[in-house]
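Heads up, upload.cif below (mmCIF, C-alpha atoms):
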data_target
#
loop_
_atom_site.label_atom_id
_atom_site.label_comp_id
_atom_site.auth_asym_id
_atom_site.auth_seq_id
_atom_site.Cartn_x
_atom_site.Cartn_y
_atom_site.Cartn_z
CA MET A 24 -43.91 24.29 -2.44
CA SER A 25 -44.23 25.91 -5.87
CA GLY A 26 -43.15 24.01 -8.95
CA THR A 27 -43.28 20.32 -9.64
CA VAL A 28 -40.54 18.34 -7.94
CA VAL A 29 -39.67 15.43 -10.18
CA ASN A 30 -37.12 13.36 -8.31
CA THR A 31 -34.03 12.06 -10.09
CA PRO A 32 -34.82 8.78 -11.89
CA GLY A 33 -33.34 5.66 -10.37
CA TYR A 34 -31.21 4.81 -13.38
CA TYR A 35 -29.40 8.17 -13.06
CA TYR A 36 -28.32 7.20 -9.57
CA ALA A 37 -27.59 3.59 -10.56
CA ILE A 38 -25.12 4.60 -13.27
CA SER A 39 -23.60 7.25 -11.03
CA TYR A 40 -23.15 4.82 -8.11
CA PHE A 41 -21.42 2.30 -10.35
CA LEU A 42 -19.13 4.85 -12.04
CA SER A 43 -18.10 6.28 -8.69
CA ALA A 44 -17.30 2.84 -7.32
CA LEU A 45 -15.50 1.89 -10.55
CA VAL A 46 -13.14 4.86 -10.19
CA ILE A 47 -12.17 3.59 -6.72
CA VAL A 48 -11.68 0.04 -8.00
CA VAL A 49 -9.49 1.18 -10.91
CA VAL A 50 -7.37 3.74 -9.01
CA ASP A 51 -7.14 2.34 -5.48
CA GLY A 52 -7.86 -1.35 -6.08
CA ARG A 53 -5.17 -3.98 -5.70
CA TRP A 54 -6.43 -6.67 -8.05
CA LYS A 55 -3.33 -8.51 -9.28
CA GLU A 56 -4.33 -8.69 -12.93
CA ARG A 57 -7.42 -7.60 -14.78
CA ASN A 58 -8.49 -10.98 -16.07
CA ALA A 59 -11.90 -12.33 -17.04
CA LEU A 60 -12.88 -12.73 -13.38
CA TRP A 61 -12.20 -9.04 -12.68
CA TYR A 62 -14.42 -8.00 -15.58
CA LEU A 63 -17.10 -10.41 -14.38
CA TYR A 64 -17.11 -8.74 -10.97
CA ASN A 65 -17.54 -5.36 -12.66
CA VAL A 66 -20.47 -6.60 -14.73
CA LEU A 67 -22.12 -8.15 -11.68
CA GLY A 68 -21.52 -4.97 -9.70
CA PHE A 69 -23.19 -2.83 -12.36
CA VAL A 70 -26.13 -5.21 -12.88
CA SER A 71 -26.86 -5.53 -9.15
CA ILE A 72 -26.71 -1.78 -8.48
CA PHE A 73 -28.71 -0.91 -11.60
CA CYS A 74 -31.44 -3.45 -10.87
CA ALA A 75 -31.73 -2.32 -7.24
CA MET A 76 -32.27 1.32 -8.29
CA PHE A 77 -34.21 0.87 -11.53
CA PHE A 78 -36.83 -1.58 -10.35
CA THR A 79 -37.46 0.26 -7.08
CA ASP A 80 -37.76 3.71 -8.64
CA GLY A 81 -40.53 5.66 -6.91
CA ILE A 82 -40.59 3.35 -3.89
CA LYS A 83 -42.59 4.46 -0.85
CA GLN A 84 -40.74 6.47 1.80
CA ILE A 85 -41.08 3.71 4.39
CA PHE A 86 -38.88 1.46 2.25
CA PHE A 87 -36.48 4.19 1.11
CA ILE A 88 -33.90 3.93 3.91
CA PRO A 89 -33.65 0.09 3.72
CA LEU A 90 -33.24 0.40 -0.06
CA MET A 91 -30.37 2.90 0.24
CA LEU A 92 -28.68 0.73 2.84
CA CYS A 93 -28.97 -2.14 0.37
CA VAL A 94 -27.45 -0.03 -2.42
CA PHE A 95 -24.61 1.10 -0.15
CA GLY A 96 -24.01 -2.55 0.72
CA LEU A 97 -23.88 -3.51 -2.97
CA MET A 98 -21.33 -0.74 -3.62
CA PHE A 99 -19.37 -1.85 -0.57
CA PHE A 100 -19.09 -5.49 -1.64
CA TYR A 101 -18.36 -4.55 -5.24
CA ILE A 102 -15.44 -2.33 -4.15
CA LYS A 103 -14.26 -4.97 -1.66
CA ILE A 104 -14.23 -7.84 -4.15
CA ALA A 105 -13.22 -6.07 -7.37
CA GLY A 106 -10.71 -3.83 -5.57
CA GLU A 107 -9.28 -6.40 -3.12
CA LEU A 108 -9.21 -3.79 -0.38
CA SER A 109 -9.38 -4.36 3.36
CA TRP A 110 -12.69 -3.92 5.16
CA ARG A 111 -11.65 -0.57 6.62
CA GLU A 112 -10.33 0.75 3.31
CA THR A 113 -13.51 -0.42 1.59
CA GLY A 114 -15.73 1.39 4.11
CA PHE A 115 -13.71 4.60 3.77
CA PHE A 116 -13.65 4.62 -0.03
CA CYS A 117 -17.26 3.48 -0.34
CA ALA A 118 -18.40 6.42 1.77
CA LYS A 119 -16.52 8.78 -0.55
CA ALA A 120 -17.86 7.04 -3.66
CA PHE A 121 -21.45 7.19 -2.39
CA ILE A 122 -21.43 10.95 -1.78
CA SER A 123 -19.59 11.59 -5.07
CA ALA A 124 -22.27 9.60 -6.89
CA GLU A 125 -25.02 11.51 -5.11
CA PHE A 126 -23.44 14.80 -6.18
CA ALA A 127 -22.99 13.74 -9.81
CA ALA A 128 -26.56 12.47 -10.18
CA SER A 129 -28.02 15.49 -8.38
CA LEU A 130 -26.07 18.02 -10.44
CA CYS A 131 -26.91 16.25 -13.68
CA TRP A 132 -30.63 16.23 -12.92
CA GLN A 133 -30.58 19.82 -11.67
CA ILE A 134 -29.11 21.02 -14.99
CA ILE A 135 -31.81 19.13 -16.90
CA TYR A 136 -34.51 20.71 -14.75
CA PHE A 137 -33.04 24.18 -15.21
CA TYR A 138 -33.13 23.94 -19.01
CA THR A 139 -36.43 22.09 -19.41
CA GLY A 140 -38.60 23.21 -16.45
CA ASP A 141 -41.71 21.07 -15.90
CA PHE A 142 -40.96 17.68 -17.43
CA SER A 143 -44.60 16.83 -18.04
CA ILE A 144 -44.93 19.86 -20.34
CA TYR A 145 -41.55 19.21 -21.91
CA ALA A 146 -42.39 15.58 -22.64
CA ALA A 147 -45.72 16.56 -24.20
CA GLU A 148 -44.09 19.15 -26.44
CA LYS A 149 -41.01 17.19 -27.55
CA GLY A 150 -42.23 13.62 -27.35
CA GLU A 151 -41.04 10.76 -25.19
CA THR A 152 -38.40 9.50 -27.63
CA VAL A 153 -36.74 12.89 -28.09
CA GLN A 154 -36.78 13.41 -24.33
CA ILE A 155 -35.06 10.08 -23.66
CA ILE A 156 -32.37 10.73 -26.29
CA TRP A 157 -31.72 14.22 -24.99
CA ARG A 158 -31.44 12.97 -21.41
CA ALA A 159 -29.07 10.17 -22.42
CA VAL A 160 -26.74 12.52 -24.31
CA HIS A 161 -26.87 15.05 -21.50
CA MET A 162 -26.16 12.44 -18.84
CA PHE A 163 -23.27 10.98 -20.86
CA VAL A 164 -21.58 14.37 -21.25
CA ILE A 165 -22.06 15.45 -17.62
CA TYR A 166 -20.93 12.12 -16.19
CA ALA A 167 -17.94 11.99 -18.55
CA VAL A 168 -16.75 15.40 -17.36
CA LEU A 169 -17.45 14.83 -13.65
CA TYR A 170 -15.96 11.37 -13.40
CA SER A 171 -12.91 12.36 -15.44
CA LEU A 172 -12.28 15.06 -12.83
CA ILE A 173 -12.92 12.63 -9.95
CA TYR A 174 -10.59 10.09 -11.57
CA MET A 175 -7.80 12.69 -11.85
CA ILE A 176 -8.32 13.75 -8.23
CA GLU A 177 -8.11 10.13 -7.05
CA ARG A 178 -4.96 9.58 -9.12
CA TYR A 179 -3.43 12.69 -7.58
CA LEU A 180 -4.25 11.48 -4.07
CA LYS A 181 -2.67 8.13 -4.94
CA ARG A 182 0.68 9.77 -5.70
CA ASP A 183 3.59 9.38 -3.27
CA ILE A 184 1.83 6.63 -1.33
CA GLU A 185 1.61 2.95 -2.18
CA GLU A 186 -1.25 2.03 0.10
CA LEU A 187 -3.47 4.23 2.24
CA GLN A 188 -3.76 2.62 5.66
CA ILE A 189 -7.20 3.33 7.11
CA SER A 190 -7.86 2.88 10.81
CA ARG A 191 -11.23 1.93 12.28
CA ARG A 192 -11.66 5.50 13.53
CA GLU A 193 -11.03 7.01 10.09
CA MET A 194 -13.51 4.65 8.48
CA PHE A 195 -16.21 5.53 11.03
CA VAL A 196 -15.61 9.28 10.58
CA ALA A 197 -16.08 8.94 6.80
CA CYS A 198 -19.27 6.91 7.25
CA ILE A 199 -20.70 9.36 9.81
CA VAL A 200 -20.01 12.31 7.50
CA THR A 201 -21.75 10.41 4.69
CA VAL A 202 -24.85 9.77 6.81
CA ILE A 203 -25.09 13.42 7.92
CA VAL A 204 -24.60 14.81 4.41
CA TYR A 205 -27.06 12.37 2.85
CA SER A 206 -29.67 13.18 5.51
CA ILE A 207 -29.38 16.93 4.98
CA SER A 208 -29.41 16.68 1.19
CA ASN A 209 -32.62 14.63 1.17
CA LEU A 210 -34.48 16.33 4.01
CA SER A 211 -36.58 18.43 1.64
CA TYR A 212 -38.12 15.30 0.18
CA VAL A 213 -39.18 14.10 3.62
CA ASP A 214 -40.38 17.38 5.16
CA ALA A 215 -41.02 20.42 2.94
CA ASN A 216 -41.17 22.73 5.99
CA SER A 217 -37.90 21.74 7.66
CA LEU A 218 -34.95 24.02 8.34
CA PHE A 219 -33.08 22.70 5.29
CA SER A 220 -36.04 22.64 2.88
CA GLY A 221 -36.58 24.90 -0.12
CA GLY A 222 -39.58 26.87 -1.24
CA THR A 223 -39.42 25.79 -4.89
CA ALA A 224 -38.44 22.70 -6.79
CA MET A 225 -35.23 24.40 -7.93
CA ASP A 226 -34.42 25.31 -4.32
CA VAL A 227 -34.72 21.64 -3.38
CA PHE A 228 -32.31 20.59 -6.14
CA ILE A 229 -29.85 23.34 -5.25
CA ILE A 230 -29.87 22.41 -1.54
CA ARG A 231 -29.31 18.75 -2.40
CA THR A 232 -26.48 19.48 -4.87
CA LEU A 233 -24.70 21.92 -2.55
CA ALA A 234 -25.04 19.59 0.43
CA ASP A 235 -23.52 16.73 -1.59
CA LEU A 236 -20.76 19.00 -2.90
CA SER A 237 -19.96 20.09 0.65
CA GLY A 238 -19.87 16.47 1.73
CA MET A 239 -17.45 15.63 -1.08
CA ALA A 240 -15.22 18.54 -0.05
CA VAL A 241 -15.18 17.38 3.58
CA LEU A 242 -14.42 13.76 2.67
CA TYR A 243 -11.66 14.66 0.20
CA ALA A 244 -10.14 17.09 2.69
CA TYR A 245 -10.22 14.32 5.28
CA HIS A 246 -8.59 11.95 2.75
CA ILE A 247 -5.79 14.48 2.19
CA GLN A 248 -5.30 14.85 5.96
CA VAL A 249 -5.13 11.06 6.46
CA LYS A 250 -2.63 10.79 3.61
CA GLU A 251 -0.40 13.58 4.95
CA ILE A 252 -0.39 12.06 8.44
CA GLN A 253 0.59 8.68 6.99
CA LEU A 254 3.31 10.21 4.79
CA ARG A 255 4.80 12.00 7.80
CA PHE A 256 4.63 8.79 9.81
CA GLU A 257 6.31 6.82 7.01
CA LYS A 258 8.99 9.48 6.57
CA ASP A 259 9.77 9.53 10.29
CA THR A 260 9.74 5.73 10.46
CA LEU A 261 12.08 5.32 7.47
CA ARG A 262 14.44 7.90 8.94
CA SER A 263 14.36 6.04 12.28
CA ILE A 264 15.10 2.74 10.52
CA MET A 265 18.09 4.23 8.70
CA ASN A 266 19.39 5.84 11.87
CA MET A 267 18.93 2.60 13.79
CA GLN A 268 20.77 0.55 11.16
CA TYR A 269 23.57 3.12 11.06
CA SER A 270 23.80 3.14 14.86
CA ASN A 271 23.94 -0.65 14.82
CA TYR A 272 26.71 -0.47 12.23
CA LYS A 273 28.80 1.93 14.35
CA LEU A 274 28.20 -0.11 17.49
CA SER A 275 29.08 -3.33 15.66
CA LYS A 276 32.24 -1.76 14.26
CA GLU A 277 33.42 -0.72 17.69
CA SER A 278 32.58 -4.11 19.18
CA ILE A 279 34.21 -6.03 16.32
CA ASP A 280 37.39 -3.93 16.56
CA ILE A 281 37.61 -4.67 20.28
CA VAL A 282 36.88 -8.38 19.77
CA ASN A 283 39.46 -8.65 16.98
CA GLN A 284 42.10 -7.01 19.15
CA LYS A 285 41.31 -9.38 22.02
CA TYR A 286 41.29 -12.31 19.59
CA HIS A 287 44.80 -11.57 18.35
CA ASP A 288 46.05 -11.14 21.92
CA LEU A 289 44.49 -14.46 22.97
CA LYS A 290 45.82 -16.22 19.88
CA HIS A 291 49.38 -15.25 20.74
CA GLN A 292 48.87 -16.22 24.39
CA ILE A 293 47.45 -19.62 23.39
CA ASN A 294 50.40 -20.26 21.05
CA LEU A 295 52.77 -19.41 23.88
CA LEU A 296 50.95 -21.74 26.28
CA LYS A 297 50.84 -24.54 23.67
CA SER A 298 54.59 -24.36 23.22
CA GLY A 299 55.05 -24.79 26.97
CA ALA A 300 52.30 -27.38 27.55
CA ASP A 301 53.68 -30.42 29.39
CA SER A 302 50.94 -32.85 28.44
CA GLU A 303 49.04 -33.94 25.33
CA LYS A 304 45.72 -33.26 27.09
CA SER A 305 46.69 -29.66 27.83
CA GLY A 306 47.65 -29.16 24.17
CA GLU A 307 44.30 -30.52 22.96
CA TYR A 308 42.46 -28.24 25.38
CA LEU A 309 44.34 -25.18 24.12
CA GLU A 310 43.64 -26.14 20.49
CA GLN A 311 39.92 -26.39 21.30
CA MET A 312 40.02 -22.92 22.85
CA GLU A 313 41.71 -21.61 19.71
CA ARG A 314 38.98 -23.09 17.49
CA GLU A 315 36.21 -21.64 19.63
CA ILE A 316 37.52 -18.08 19.61
CA LYS A 317 38.38 -18.17 15.90
CA ILE A 318 34.71 -17.46 15.17
CA TYR A 319 35.31 -13.86 16.28
CA GLU A 320 38.05 -13.13 13.76
CA THR A 321 36.94 -10.79 10.99
CA GLN A 322 36.91 -12.86 7.80
CA ASN A 323 35.03 -10.44 5.52
CA LYS A 324 37.31 -8.27 3.40
CA THR A 325 34.95 -7.15 0.67
CA GLY A 326 36.58 -3.86 -0.26
CA ASN A 327 34.00 -1.72 1.52
CA LYS A 328 34.50 -1.08 5.22
CA VAL A 329 30.80 -0.58 5.98
CA LEU A 330 29.83 -3.80 4.22
CA ASP A 331 32.68 -5.61 6.01
CA THR A 332 31.31 -4.59 9.39
CA ILE A 333 27.72 -5.48 8.54
CA LEU A 334 28.68 -8.90 7.15
CA THR A 335 30.84 -9.66 10.17
CA SER A 336 28.10 -8.66 12.59
CA LYS A 337 25.44 -10.63 10.74
CA SER A 338 27.78 -13.62 10.30
CA MET A 339 28.30 -13.81 14.05
CA HIS A 340 24.54 -13.66 14.57
CA CYS A 341 24.03 -16.35 11.93
CA GLN A 342 26.62 -18.66 13.50
CA ARG A 343 24.85 -18.43 16.84
CA HIS A 344 21.60 -19.54 15.18
CA GLY A 345 23.01 -22.22 12.90
CA ILE A 346 22.62 -20.15 9.71
CA GLU A 347 25.10 -20.34 6.84
CA LEU A 348 25.77 -16.92 5.32
CA LYS A 349 27.89 -16.66 2.17
CA PHE A 350 29.11 -13.55 0.40
CA MET A 351 30.36 -13.36 -3.18
CA GLY A 352 31.34 -10.20 -4.99
CA GLU A 353 33.19 -6.92 -4.76
CA GLY A 354 32.29 -4.48 -2.04
CA GLN A 355 34.36 -1.67 -3.56
CA LEU A 356 31.62 -1.26 -6.17
CA LEU A 357 29.56 0.39 -3.43
CA ASN A 358 32.12 3.00 -2.43
CA PHE A 359 30.18 5.81 -4.13
CA MET A 360 27.22 5.22 -1.79
CA GLU A 361 26.84 6.97 1.54
CA ASP A 362 27.73 4.92 4.63
CA MET A 363 24.24 5.32 6.11
CA ASP A 364 22.64 4.08 2.89
CA ILE A 365 24.89 1.02 2.73
CA SER A 366 24.25 0.13 6.36
CA ALA A 367 20.48 0.54 5.99
CA LEU A 368 20.27 -1.30 2.66
CA PHE A 369 22.33 -4.36 3.56
CA GLY A 370 21.25 -4.35 7.20
CA ASN A 371 17.59 -4.60 6.19
CA MET A 372 18.30 -7.13 3.42
CA LEU A 373 20.12 -9.48 5.76
CA ASP A 374 17.74 -8.90 8.67
CA ASN A 375 14.79 -9.92 6.48
CA ALA A 376 16.61 -13.00 5.23
CA ILE A 377 17.68 -14.02 8.75
CA GLU A 378 14.15 -13.49 10.08
CA SER A 379 12.87 -15.85 7.39
CA VAL A 380 15.40 -18.69 7.65
CA VAL A 381 15.60 -18.74 11.45
CA LYS A 382 12.03 -20.10 11.45
CA ILE A 383 13.13 -23.21 9.51
CA LYS A 384 13.49 -26.26 11.73
CA GLU A 385 16.06 -28.13 9.61
CA ARG A 386 19.38 -26.34 10.16
CA GLU A 387 20.81 -27.58 6.86
CA LYS A 388 18.19 -25.44 5.08
CA ARG A 389 19.13 -22.25 6.90
CA LEU A 390 21.03 -20.81 3.95
CA ILE A 391 21.60 -17.18 2.90
CA ALA A 392 23.72 -15.96 -0.03
CA LEU A 393 24.61 -12.35 -0.82
CA HIS A 394 26.03 -11.29 -4.21
CA VAL A 395 27.44 -7.90 -5.22
CA ILE A 396 28.77 -7.98 -8.78
CA GLN A 397 29.29 -5.69 -11.76
CA ASP A 398 27.27 -6.35 -14.89
CA LYS A 399 28.35 -3.96 -17.66
CA GLN A 400 27.39 -0.48 -16.41
CA PHE A 401 25.31 -1.72 -13.50
CA ILE A 402 25.81 -3.11 -10.00
CA ARG A 403 23.77 -6.23 -9.34
CA ILE A 404 22.95 -6.95 -5.71
CA ARG A 405 21.11 -10.15 -4.89
CA THR A 406 20.17 -12.01 -1.75
CA GLU A 407 18.95 -15.60 -1.83
CA ASN A 408 17.58 -17.51 1.10
CA TYR A 409 15.64 -20.70 1.60
CA CYS A 410 12.04 -19.84 2.40
CA GLU A 411 9.11 -22.05 3.34
CA GLU A 412 6.67 -19.20 4.02
CA ASN A 413 3.82 -18.22 1.73
CA VAL A 414 5.07 -14.85 0.46
CA GLN A 415 2.60 -12.41 -1.08
CA PHE A 416 3.81 -9.94 -3.70
CA GLN A 417 2.55 -6.60 -4.95
CA ASP A 418 4.23 -4.73 -7.81
CA GLY A 419 7.17 -7.13 -7.68
CA LEU A 420 7.86 -6.69 -3.96
CA PRO A 421 6.84 -8.75 -0.95
CA ILE A 422 4.15 -7.30 1.27
CA THR A 423 3.78 -7.88 4.97
CA THR A 424 1.25 -10.50 6.05
CA LYS A 425 1.08 -9.14 9.59
CA LYS A 426 -2.32 -7.95 10.76
CA ASP A 427 -1.54 -4.28 11.37
CA LYS A 428 0.29 -3.16 8.24
CA ARG A 429 0.73 0.38 9.53
CA PHE A 430 3.67 -0.70 11.70
CA HIS A 431 5.27 -3.32 9.44
CA GLY A 432 6.90 -3.56 6.02
CA TYR A 433 9.03 -0.44 6.44
CA GLY A 434 12.29 -2.34 6.00
CA MET A 435 11.35 -3.09 2.40
CA LYS A 436 10.16 0.50 1.86
CA SER A 437 13.46 1.76 3.24
CA MET A 438 15.43 -0.42 0.81
CA LYS A 439 13.32 0.70 -2.14
CA LYS A 440 13.78 4.36 -1.24
CA ILE A 441 17.57 3.97 -0.97
CA VAL A 442 17.82 2.11 -4.30
CA GLU A 443 15.64 4.71 -6.07
CA LYS A 444 17.87 7.45 -4.61
CA TYR A 445 20.71 6.07 -6.77
CA GLY A 446 18.50 5.59 -9.84
CA GLY A 447 18.11 1.85 -9.33
CA SER A 448 15.29 -0.66 -9.12
CA VAL A 449 14.40 -3.52 -6.80
CA VAL A 450 12.30 -6.61 -7.44
CA ALA A 451 11.68 -9.86 -5.57
CA ASP A 452 10.55 -13.34 -6.50
CA LYS A 453 10.15 -16.81 -5.02
CA LYS A 454 10.68 -20.07 -6.90
CA ASP A 455 11.04 -23.61 -5.55
CA ASN A 456 11.26 -22.41 -1.93
CA TRP A 457 14.03 -19.94 -2.78
CA PHE A 458 13.37 -16.27 -2.16
CA GLU A 459 15.36 -13.77 -4.23
CA LEU A 460 15.69 -10.04 -3.79
CA LYS A 461 17.36 -8.41 -6.79
CA ILE A 462 18.67 -4.86 -6.97
CA LEU A 463 20.07 -3.08 -10.02
CA ILE A 464 21.93 0.23 -9.57
CA PRO A 465 23.72 2.20 -12.33
CA MET A 466 27.48 2.52 -11.93
CA ARG A 467 28.87 5.91 -10.96
CA ARG A 468 31.93 7.19 -12.80
#
Structure translated into structure tokens:
Amino acid sequence: MSGTVVNTPGYYYAISYFLSALVIVVVDGRWKERNALWYLYNVLGFVSIFCAMFFTDGIKQIFFIPLMLCVFGLMFFYIKIAGELSWRETGFFCAKAFISAEFAASLCWQIIYFYTGDFSIYAAEKGETVQIIWRAVHMFVIYAVLYSLIYMIERYLKRDIEELQISRREMFVACIVTVIVYSISNLSYVDANSLFSGGTAMDVFIIRTLADLSGMAVLYAYHIQVKEIQLRFEKDTLRSIMNMQYSNYKLSKESIDIVNQKYHDLKHQINLLKSGADSEKSGEYLEQMEREIKIYETQNKTGNKVLDTILTSKSMHCQRHGIELKFMGEGQLLNFMEDMDISALFGNMLDNAIESVVKIKEREKRLIALHVIQDKQFIRIRTENYCEENVQFQDGLPITTKKDKRFHGYGMKSMKKIVEKYGGSVVADKKDNWFELKILIPMRR
């Protein structure tokens, strides 16, 4: 092979690996607040990666693969801890970060080689100090440009989706692509006469840079595909939830209308029988029957027919499970909203509250309150329910604690989407075993 192949120094890769992982931590990480501990994890991540690459620079080929596995592991645990991502998400993003770092370091070093040629001659002519300064400035500029672009791409991919759910299959695909790309890009350094080797030093650098760039393109394209599939799934699921809640509302309305009609008929029949009862025992029996069927009389007259039906349906469910449900407010404030939105919003709100309180053993603590009131030019909607569970929050909203998050938590997403449709906001909180979900929607004139 003609030309002197001077491999990229370890510190070039070390800085590139850390910057690539840092972009993932900053953009996709879910650390609650960037406190002193978060910064400590970043410092430890940089120091560990830098030391691993700097002090093993020029290591023999027999130790090269174990070293790179070690570096990948350091990146993996740094992203996992500082980003608070799941194991599958960490594997997926770490694979992307690793190939991006390889590309950045390779391109940076290739540009240096192109402008300076043989480094031994260059160092002799310019001096070691000048060479180091020039390299540092060059690396700073190239990395600043590349990682600014990578940061913007990651931010763009983060749009329209709160959390990218990565399956085991998707993680393995990303890791396999990373292994293949890394193997091809470094094959010239192992065997100069292989199919993917170059004839000159510049050829070697070009092959490595293009292979890494191709790997980045494949991984980012795969990321986009995974995101689009998840967005379609979420869209279909949210539509199904709204349709289901609306279907439940219509079914409940029909059932409640029938029950109310039967209730009034039975009430008149019982009054007639009571007037003709010839014994005190028969009268007491008829009064007991009247009390038992009174539960089915529609008591909710909020001013909004959809909300009336939902509250009646949920009240009947609550009474069967020993739950006390109270409503305070004015339902007519919601008349500008579409029926399907009202049924989905309040159906999900009450379903979540019922699901929480029904787990409480003490029946006296099974309490739910719903408020719909006007506050100046806004409608305030609030549910309160006693809650003994350990609720986790992210961006002011509860997140599901169930193992497979891909199929849970869509009730809350549905509510948020409906509220945002009307220019409102939703936030949740838990204090002293009381869970509150608060919604603020501008009034419509």
Explicit residue set for the PyMOL selection byres ((chain A and resi 394-399) around 9), as an mmCIF file with C-alpha atoms, in the frame of the given file:
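File written: out.cif
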data_model
loop_
_atom_site.group_PDB
_atom_site.id
_atom_site.type_symbol
_atom_site.label_atom_id
_atom_site.label_comp_id
_atom_site.auth_asym_id
_atom_site.auth_seq_id
_atom_site.Cartn_x
_atom_site.Cartn_y
_atom_site.Cartn_z
ATOM 1 C CA LYS A 349 27.890 -16.660 2.170
ATOM 2 C CA PHE A 350 29.110 -13.550 0.400
ATOM 3 C CA MET A 351 30.360 -13.360 -3.180
ATOM 4 C CA GLY A 352 31.340 -10.200 -4.990
ATOM 5 C CA GLU A 353 33.190 -6.920 -4.760
ATOM 6 C CA GLY A 354 32.290 -4.480 -2.040
ATOM 7 C CA LEU A 356 31.620 -1.260 -6.170
ATOM 8 C CA LEU A 357 29.560 0.390 -3.430
ATOM 9 C CA ALA A 392 23.720 -15.960 -0.030
ATOM 10 C CA LEU A 393 24.610 -12.350 -0.820
ATOM 11 C CA GLN A 400 27.390 -0.480 -16.410
ATOM 12 C CA PHE A 401 25.310 -1.720 -13.500
ATOM 13 C CA ILE A 402 25.810 -3.110 -10.000
ATOM 14 C CA ARG A 403 23.770 -6.230 -9.340
ATOM 15 C CA ILE A 404 22.950 -6.950 -5.710
ATOM 16 C CA ARG A 405 21.110 -10.150 -4.890
ATOM 17 C CA THR A 406 20.170 -12.010 -1.750
ATOM 18 C CA GLU A 407 18.950 -15.600 -1.830
ATOM 19 C CA MET A 466 27.480 2.520 -11.930
#
*Contact residues around Tyr433 of chain A with only C-alpha atoms at 9 Å, ignoring same-chain residues under 4 positions, as a list in words*: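 Once the adjacent positions are removed, what remains is Glu257, Thr260, Leu261, Ile264, Arg429, Ser437 and Met438 of chain A.
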Those same residues, written as a PDB file, keeping the file's coordinate frame with C-alpha atoms?
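Output saved as out-v7.pdb:
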ATOM      1  CA  GLU A 257       6.310   6.820   7.010  1.00  0.00           C
ATOM      2  CA  THR A 260       9.740   5.730  10.460  1.00  0.00           C
ATOM      3  CA  LEU A 261      12.080   5.320   7.470  1.00  0.00           C
ATOM      4  CA  ILE A 264      15.100   2.740  10.520  1.00  0.00           C
ATOM      5  CA  ARG A 429       0.730   0.380   9.530  1.00  0.00           C
ATOM      6  CA  SER A 437      13.460   1.760   3.240  1.00  0.00           C
ATOM      7  CA  MET A 438      15.430  -0.420   0.810  1.00  0.00           C
TER       8      MET A 438
END
*Which of these residues is nearest to Lys337 of chain A, using all atoms listed in the file: A:Tyr409, A:Phe416, A:Phe228, A:Tyr272?*
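Checking each of A:Tyr409, A:Phe416, A:Phe228, A:Tyr272 against Lys337 of chain A, counting all atoms listed in the file, the winner is A:Tyr272.
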_Answer key for the PyMOL selection byres ((chain A and resi 107-110) around 12), residues as a ChimeraX atom specification_ = /A:47-57,61,64,99-106,111-117,186-191,194-195,417,426-428
Could you dump the residues just selected with C-alpha atoms as a short mmCIF file (atom, residue, chain, number, x, y, z; two decimals), keeping the file's coordinate frame?
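Dumped everything to out11.cif:
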data_model
loop_
_atom_site.label_atom_id
_atom_site.label_comp_id
_atom_site.auth_asym_id
_atom_site.auth_seq_id
_atom_site.Cartn_x
_atom_site.Cartn_y
_atom_site.Cartn_z
CA ILE A 47 -12.17 3.59 -6.72
CA VAL A 48 -11.68 0.04 -8.00
CA VAL A 49 -9.49 1.18 -10.91
CA VAL A 50 -7.37 3.74 -9.01
CA ASP A 51 -7.14 2.34 -5.48
CA GLY A 52 -7.86 -1.35 -6.08
CA ARG A 53 -5.17 -3.98 -5.70
CA TRP A 54 -6.43 -6.67 -8.05
CA LYS A 55 -3.33 -8.51 -9.28
CA GLU A 56 -4.33 -8.69 -12.93
CA ARG A 57 -7.42 -7.60 -14.78
CA TRP A 61 -12.20 -9.04 -12.68
CA TYR A 64 -17.11 -8.74 -10.97
CA PHE A 99 -19.37 -1.85 -0.57
CA PHE A 100 -19.09 -5.49 -1.64
CA TYR A 101 -18.36 -4.55 -5.24
CA ILE A 102 -15.44 -2.33 -4.15
CA LYS A 103 -14.26 -4.97 -1.66
CA ILE A 104 -14.23 -7.84 -4.15
CA ALA A 105 -13.22 -6.07 -7.37
CA GLY A 106 -10.71 -3.83 -5.57
CA ARG A 111 -11.65 -0.57 6.62
CA GLU A 112 -10.33 0.75 3.31
CA THR A 113 -13.51 -0.42 1.59
CA GLY A 114 -15.73 1.39 4.11
CA PHE A 115 -13.71 4.60 3.77
CA PHE A 116 -13.65 4.62 -0.03
CA CYS A 117 -17.26 3.48 -0.34
CA GLU A 186 -1.25 2.03 0.10
CA LEU A 187 -3.47 4.23 2.24
CA GLN A 188 -3.76 2.62 5.66
CA ILE A 189 -7.20 3.33 7.11
CA SER A 190 -7.86 2.88 10.81
CA ARG A 191 -11.23 1.93 12.28
CA MET A 194 -13.51 4.65 8.48
CA PHE A 195 -16.21 5.53 11.03
CA GLN A 417 2.55 -6.60 -4.95
CA LYS A 426 -2.32 -7.95 10.76
CA ASP A 427 -1.54 -4.28 11.37
CA LYS A 428 0.29 -3.16 8.24
#
Using all atoms listed in the file, which residues sit within 7 Å of segment 358-368 of chain A once same-chain residues fewer than 5 positions away are excluded, as a tab-separated table (two decimals) with C-alpha atoms, keeping the file's coordinate frame?
chain	number	residue	atom	x	y	z
A	265	MET	CA	18.09	4.23	8.70
A	268	GLN	CA	20.77	0.55	11.16
A	269	TYR	CA	23.57	3.12	11.06
A	272	TYR	CA	26.71	-0.47	12.23
A	327	ASN	CA	34.00	-1.72	1.52
A	329	VAL	CA	30.80	-0.58	5.98
A	333	ILE	CA	27.72	-5.48	8.54
A	438	MET	CA	15.43	-0.42	0.81
A	441	ILE	CA	17.57	3.97	-0.97
A	467	ARG	CA	28.87	5.91	-10.96
